[in-house]
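Contents: one structure, followed by commentary.
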Amino acid sequence: MHMTQTEWLQRVIKPAIFLICLIPLALLAWDALNNHLGANPIEKIIRRTGDWTLRFLLITLAITPARRLFGWNWLMRLRRMLGLFAFFYACLHFIIYIGIDQSFDVNEIIKDVIKHKYVTVGFASFLLLIPLAATSTNAMMKRLGGKRWQQLHKSVYAIAIGGVIHYLWLVKADLREPLIYATILAVLLGYRLWVKQRQALPPDPVRSSIHPSAIRSTK
Amino acid sequence: MLIKKPDDIRPSEITDQTIYLTRREFIRNTLGATAAAALMPALLASNDASAGTKLPGVRKGPFGTSEELTPYGDVTSYNNFYEFGTEKEQPAIMAKNFRTKPWTVTVEGEVNKPAVYQLEDFIKPHTLEERIYRLRCVEAWSMVIPWVGIPLADIIKRFEPTSKAKYVEFTTLHDPAQMPGQRRAVLKWPYVEGLRIDEAMHPLTMLAVGLYGETLPNQNGAPLRLVVPWKYGFKNIKSIVKIRFLEKPPVTAWMTAGPAEYGFYANVNPEVDHPRWSQSRERRIGELFKRKTLMFNGYTEQVAHLYAHMDLNKYF
């Protein structure tokens with residue numbers, strides 16, 4: 001049977017990537033079952049789920065630049081799924097923090113969120129992710145309307161910045177890893193600023209006056 | 001300066017009394033072991049390892065706790081020893097070939113008897129004690145560890161500190177060739193820690209040479225480390241090569257790294273948070289949920305008087 005590009009994407013690529021996105025969870029479960037998480041397994045689970053939240057956020061943010069630079073428009077069809085995986089790992093991270101680290105003690109959690117700025121930032125970033133996940137369906141997109149939906153989903157920039165700061169502020173001395181995330185995020189956001197600035201420039205009067213067909217005819 | 005000459009007979013050459021008393025059994029076992037060694041050369045090789053050698057003549061020390069011990073495997077695989085990497089699992093791997101023999105300890109500063117000691121001579125005059133202490137890390141996890149060592153006070157008395165000796169500074173070995181973590185400026189190397197002289201002389205404070213009845217594994221700070229159970233773990237400086245007596249408080253490695261976050265005292269205190277995270281609870285390694293952190297890590301009765309008139313919010 002011959003498949004069109006869309007069919008190929010929907011039936012093969014997307015399910016394959018879906019499974020790939022679950023590998024970090026599978027590895028975590030495997031390590032947990034085989035006692036490979038070391039002396040402090042809870043800390044390790046929190047760290048790994050946090051790492052993967054950040055990674056999926058950055059991967060999601062890399063879709064637009066990659067599409068523009070390489071002309072891979074089909075990547076857009078993966079963006080929602082990747083973004084939802086960021087949310088999925090963030091949920092695991094959050095639930096373990098609330099349930100195991102804080103034993104569901106609401107007073108302690110409130111105190112922690114207010115007093116410690118790395119928790120504040122992480123908590124806020126997680127809360128901001130919820131409306132994005134909730135409005136990720138086609139129906140919600142339609143209900144909000146393209147423009148408003150897009151406006152809302154721009155908060156993912158703030159969320160990603162919050163996520164990286166959350167990591168930077170909790171590290172004791174060795175900042176290498178959070179700085180790697182920060183650098184990648186800076187490149188991804190910097191690219192967007194650069195594109196925006198170029199678009200905002202007044203059009204070049206000479207070049208824009210030449211019709212593309214005119215260029216071709218001179219050849 | 002006192003130049004210590006090593007004695008003819010080193011402690012390591014003296015037959016342990018327990019071996020002497022059980023000599024018949026010893027011979028039987030040795031014969032068996034010799035036969036096994038002949039068959040398995042690997043058995044011989046394992047005799048060379050410095051870590052994991054049983055320490056002889058250890059007596060039970062005071063201040064013990066009946067709490068459940070943290071398993072040996074956890075104590076020796078979950079370490080903060082940035083000289084061998086900043087990940088908890090790294091020191092156990094990266095410190096495998098760390099050379100702890102020969103080892104010298106320099107004693108200098110405000111003492112009548114400054115000297116450079118071979119580690120064996122440094123330890124020799126003392127009886128080793130086992131003490132089971134809680135260890136509370138500044139990162140909000142804790143362990144219960146059976147250390148083997150000597151009360152620091154007993155050692156300090158030998159050097160005869162002068163009246164100007166108000167503080168004691170400890171320094172870790174600086175050897176980037178052996179300690180790969182020192183090739184990056186994560187902290188200012190070498191690692192430096194310090195105590196007020198009364199803290200150093202406190203009966204709880206000890207210099208450890210072992211844990212679980214054996215010599216210290218490299219990743220736990222072999223061959224000589226400080227143990228101050230009422231302070232956060234980072235005060236327990238590892239692989240000590242120098243002890244200096246000072247009139248002014250030394251500046252520690254963590255004070256240099258984050259003056260607003262790490263003070264000189266670093267007493268365990270659930271009321272005073274780290275500027276970035278809570279210190280009110282801790283996860284005992286091996287447990288799922290966190291437990292409440294105790295003032296001075298549960299050693300209030302012994303040490304509270306040292307800080308009687310001090311604002312612990314200010315002197316954290």
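Residues in the structure tokens are named by chain (A, B, ... in the order shown) and by number from 1 within that chain; ligands are numbered from 1 in the order shown.
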Check: which chain A residues lie within 12 Å of chain B using only C-alpha atoms, as a PyMOL selection string: chain A and resi 35-44+96-105+108-109+111-121+166-177
Compile the contact shell of Leu92 in chain A as an mmCIF file with C-alpha atoms, in the first residue's frame: residues with an atom at most 9 Å away, counting only C-alpha atoms, same-chain residues fewer than 5 positions apart removed.
```cif
data_model
loop_
_atom_site.group_PDB
_atom_site.id
_atom_site.type_symbol
_atom_site.label_atom_id
_atom_site.label_comp_id
_atom_site.auth_asym_id
_atom_site.auth_seq_id
_atom_site.Cartn_x
_atom_site.Cartn_y
_atom_site.Cartn_z
ATOM 1 C CA ILE A 45 13.406 10.650 40.188
ATOM 2 C CA ILE A 46 12.721 14.324 40.856
ATOM 3 C CA THR A 49 11.684 14.159 35.545
ATOM 4 C CA GLY A 50 12.793 17.782 35.897
ATOM 5 C CA PHE A 87 3.682 18.819 30.560
ATOM 6 C CA TYR A 97 7.472 17.034 44.990
#
```
Polymer residues at most 9 Å from range 52-60 of chain A, only C-alpha atoms, same-chain spacing of 4 or more positions, as a list in words: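 In the requested form, the answer reads Cys21, Pro24, Arg47, Arg48, Thr64, Leu78, Arg79, Arg80, Met81, Leu82, Gly83, Leu84, Phe85, Ala86, Phe87, Phe88, Tyr89, Ala90, Cys91, His93, Val156, Ile159, Ala160, Gly163, Val164, Tyr181, Ile184, Leu185 and Leu188 of chain A.
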So that I have them on file, write out the residues from the current selection with N, CA and C atoms, as a PDB file, in the first residue's frame.
```
ATOM      1  N   CYS A  21       9.306   9.195  23.127  1.00  0.00           N
ATOM      2  CA  CYS A  21       9.146  10.150  24.230  1.00  0.00           C
ATOM      3  C   CYS A  21       8.870   9.459  25.565  1.00  0.00           C
ATOM      4  N   PRO A  24      12.325   7.823  28.389  1.00  0.00           N
ATOM      5  CA  PRO A  24      12.847   8.263  29.688  1.00  0.00           C
ATOM      6  C   PRO A  24      12.044   7.713  30.858  1.00  0.00           C
ATOM      7  N   ARG A  47      14.927  14.686  39.944  1.00  0.00           N
ATOM      8  CA  ARG A  47      15.880  15.325  39.023  1.00  0.00           C
ATOM      9  C   ARG A  47      15.658  14.889  37.589  1.00  0.00           C
ATOM     10  N   ARG A  48      15.458  13.589  37.401  1.00  0.00           N
ATOM     11  CA  ARG A  48      15.310  13.108  36.024  1.00  0.00           C
ATOM     12  C   ARG A  48      14.035  13.632  35.374  1.00  0.00           C
ATOM     13  N   THR A  64       9.832  25.448  15.690  1.00  0.00           N
ATOM     14  CA  THR A  64       9.637  26.573  14.775  1.00  0.00           C
ATOM     15  C   THR A  64      10.932  26.985  14.058  1.00  0.00           C
ATOM     16  N   LEU A  78       4.168  17.741  14.956  1.00  0.00           N
ATOM     17  CA  LEU A  78       4.676  17.037  16.139  1.00  0.00           C
ATOM     18  C   LEU A  78       4.716  17.946  17.378  1.00  0.00           C
ATOM     19  N   ARG A  79       4.555  19.251  17.128  1.00  0.00           N
ATOM     20  CA  ARG A  79       4.817  20.207  18.205  1.00  0.00           C
ATOM     21  C   ARG A  79       3.889  20.020  19.407  1.00  0.00           C
ATOM     22  N   ARG A  80       2.601  19.826  19.120  1.00  0.00           N
ATOM     23  CA  ARG A  80       1.653  19.682  20.226  1.00  0.00           C
ATOM     24  C   ARG A  80       2.022  18.474  21.104  1.00  0.00           C
ATOM     25  N   MET A  81       2.325  17.375  20.445  1.00  0.00           N
ATOM     26  CA  MET A  81       2.648  16.164  21.197  1.00  0.00           C
ATOM     27  C   MET A  81       3.894  16.373  22.077  1.00  0.00           C
ATOM     28  N   LEU A  82       4.899  17.022  21.494  1.00  0.00           N
ATOM     29  CA  LEU A  82       6.128  17.253  22.255  1.00  0.00           C
ATOM     30  C   LEU A  82       5.862  18.175  23.445  1.00  0.00           C
ATOM     31  N   GLY A  83       5.043  19.193  23.198  1.00  0.00           N
ATOM     32  CA  GLY A  83       4.697  20.113  24.279  1.00  0.00           C
ATOM     33  C   GLY A  83       3.945  19.393  25.391  1.00  0.00           C
ATOM     34  N   LEU A  84       3.059  18.487  24.988  1.00  0.00           N
ATOM     35  CA  LEU A  84       2.300  17.741  26.002  1.00  0.00           C
ATOM     36  C   LEU A  84       3.205  16.780  26.779  1.00  0.00           C
ATOM     37  N   PHE A  85       4.255  16.299  26.144  1.00  0.00           N
ATOM     38  CA  PHE A  85       5.201  15.460  26.890  1.00  0.00           C
ATOM     39  C   PHE A  85       5.964  16.294  27.923  1.00  0.00           C
ATOM     40  N   ALA A  86       6.274  17.539  27.564  1.00  0.00           N
ATOM     41  CA  ALA A  86       6.890  18.431  28.557  1.00  0.00           C
ATOM     42  C   ALA A  86       5.960  18.537  29.758  1.00  0.00           C
ATOM     43  N   PHE A  87       4.671  18.710  29.484  1.00  0.00           N
ATOM     44  CA  PHE A  87       3.682  18.819  30.560  1.00  0.00           C
ATOM     45  C   PHE A  87       3.598  17.510  31.355  1.00  0.00           C
ATOM     46  N   PHE A  88       3.639  16.404  30.646  1.00  0.00           N
ATOM     47  CA  PHE A  88       3.562  15.094  31.292  1.00  0.00           C
ATOM     48  C   PHE A  88       4.710  14.904  32.295  1.00  0.00           C
ATOM     49  N   TYR A  89       5.948  15.183  31.862  1.00  0.00           N
ATOM     50  CA  TYR A  89       7.083  15.019  32.775  1.00  0.00           C
ATOM     51  C   TYR A  89       7.046  16.060  33.899  1.00  0.00           C
ATOM     52  N   ALA A  90       6.515  17.251  33.568  1.00  0.00           N
ATOM     53  CA  ALA A  90       6.372  18.270  34.616  1.00  0.00           C
ATOM     54  C   ALA A  90       5.384  17.794  35.685  1.00  0.00           C
ATOM     55  N   CYS A  91       4.319  17.120  35.254  1.00  0.00           N
ATOM     56  CA  CYS A  91       3.328  16.600  36.208  1.00  0.00           C
ATOM     57  C   CYS A  91       3.966  15.577  37.141  1.00  0.00           C
ATOM     58  N   HIS A  93       7.111  15.302  37.945  1.00  0.00           N
ATOM     59  CA  HIS A  93       8.036  16.077  38.770  1.00  0.00           C
ATOM     60  C   HIS A  93       7.263  16.742  39.919  1.00  0.00           C
ATOM     61  N   VAL A 156       4.659  30.161  26.783  1.00  0.00           N
ATOM     62  CA  VAL A 156       5.645  29.083  26.861  1.00  0.00           C
ATOM     63  C   VAL A 156       7.071  29.643  26.946  1.00  0.00           C
ATOM     64  N   ILE A 159       7.558  30.301  30.522  1.00  0.00           N
ATOM     65  CA  ILE A 159       7.648  29.016  31.234  1.00  0.00           C
ATOM     66  C   ILE A 159       9.045  28.421  31.093  1.00  0.00           C
ATOM     67  N   ALA A 160       9.570  28.452  29.860  1.00  0.00           N
ATOM     68  CA  ALA A 160      10.899  27.877  29.633  1.00  0.00           C
ATOM     69  C   ALA A 160      11.964  28.659  30.396  1.00  0.00           C
ATOM     70  N   GLY A 163      11.661  27.717  33.939  1.00  0.00           N
ATOM     71  CA  GLY A 163      12.187  26.370  34.183  1.00  0.00           C
ATOM     72  C   GLY A 163      13.698  26.368  34.315  1.00  0.00           C
ATOM     73  N   VAL A 164      14.366  27.100  33.435  1.00  0.00           N
ATOM     74  CA  VAL A 164      15.836  27.131  33.481  1.00  0.00           C
ATOM     75  C   VAL A 164      16.309  27.859  34.742  1.00  0.00           C
ATOM     76  N   TYR A 181      21.431  24.335  29.473  1.00  0.00           N
ATOM     77  CA  TYR A 181      20.022  24.596  29.155  1.00  0.00           C
ATOM     78  C   TYR A 181      19.802  26.078  28.848  1.00  0.00           C
ATOM     79  N   ILE A 184      21.078  26.987  25.322  1.00  0.00           N
ATOM     80  CA  ILE A 184      20.199  26.510  24.248  1.00  0.00           C
ATOM     81  C   ILE A 184      18.937  27.372  24.188  1.00  0.00           C
ATOM     82  N   LEU A 185      18.381  27.657  25.355  1.00  0.00           N
ATOM     83  CA  LEU A 185      17.169  28.485  25.394  1.00  0.00           C
ATOM     84  C   LEU A 185      17.454  29.874  24.828  1.00  0.00           C
ATOM     85  N   LEU A 188      17.464  29.686  21.099  1.00  0.00           N
ATOM     86  CA  LEU A 188      16.124  29.498  20.539  1.00  0.00           C
ATOM     87  C   LEU A 188      15.289  30.780  20.623  1.00  0.00           C
TER      88      LEU A 188
END
```
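By chain and then residue number, the residues within 12 Å of range 145-153 of chain A are Leu61, Arg80, Gly83, Leu128, Leu129, Ile130, Pro131, Leu132, Ala133, Ala134, Thr135, Ser136, Thr137, Asn138, Ala139, Met140, Met141, Lys142, Arg143, Ser155, Val156, Tyr157, Ala158, Ile159 and Ala160 of chain A, counting only C-alpha atoms and disregarding those fewer than 2 positions away in sequence.
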In range 148-204 of chain B, DSSP helix (DSSP H, G or I) residues written as JSON, numbers by chain: {"B": [152, 153, 154, 155, 156, 157, 158, 159, 180, 181, 182, 183, 197, 198, 199, 200]}
Please produce a file of those selected residues containing C-alpha atoms, as a PDB file, in the first residue's frame.
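selection-v2.pdb was written with the following content:
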```pdb
ATOM      1  CA  LEU B 152      40.198  15.488  67.974  1.00  0.00           C
ATOM      2  CA  ALA B 153      40.836  16.986  71.433  1.00  0.00           C
ATOM      3  CA  ASP B 154      43.187  14.124  72.319  1.00  0.00           C
ATOM      4  CA  ILE B 155      45.235  14.795  69.213  1.00  0.00           C
ATOM      5  CA  ILE B 156      45.245  18.576  69.596  1.00  0.00           C
ATOM      6  CA  LYS B 157      46.595  18.341  73.165  1.00  0.00           C
ATOM      7  CA  ARG B 158      49.742  16.691  71.806  1.00  0.00           C
ATOM      8  CA  PHE B 159      50.578  19.771  69.728  1.00  0.00           C
ATOM      9  CA  PRO B 180      40.108  15.479  38.606  1.00  0.00           C
ATOM     10  CA  GLY B 181      37.468  17.713  40.198  1.00  0.00           C
ATOM     11  CA  GLN B 182      40.206  20.183  41.126  1.00  0.00           C
ATOM     12  CA  ARG B 183      40.893  20.877  37.455  1.00  0.00           C
ATOM     13  CA  ILE B 197      39.022  25.939  69.222  1.00  0.00           C
ATOM     14  CA  ASP B 198      36.295  25.026  71.729  1.00  0.00           C
ATOM     15  CA  GLU B 199      34.378  23.271  68.938  1.00  0.00           C
ATOM     16  CA  ALA B 200      37.520  21.422  67.925  1.00  0.00           C
TER      17      ALA B 200
END
```
7 Å contact set for Val116 in chain B, only C-alpha atoms, chain neighbours under 5 positions out, as a ChimeraX atom specification: /B:104-107
For CA of Phe98 in chain B and CA of Gly61 in chain B, the interatomic separation in Å (one decimal):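 If I compute the distance from CA of Phe98 in chain B to CA of Gly61 in chain B, I get 29.3 Å.
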Long-range neighbours of Val241 in chain B as a list in words, 6 Å cut-off, only C-alpha atoms, 2 positions minimum in chain: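 Selected residues are Val105, Thr171, Thr172 and Leu173 of chain B.
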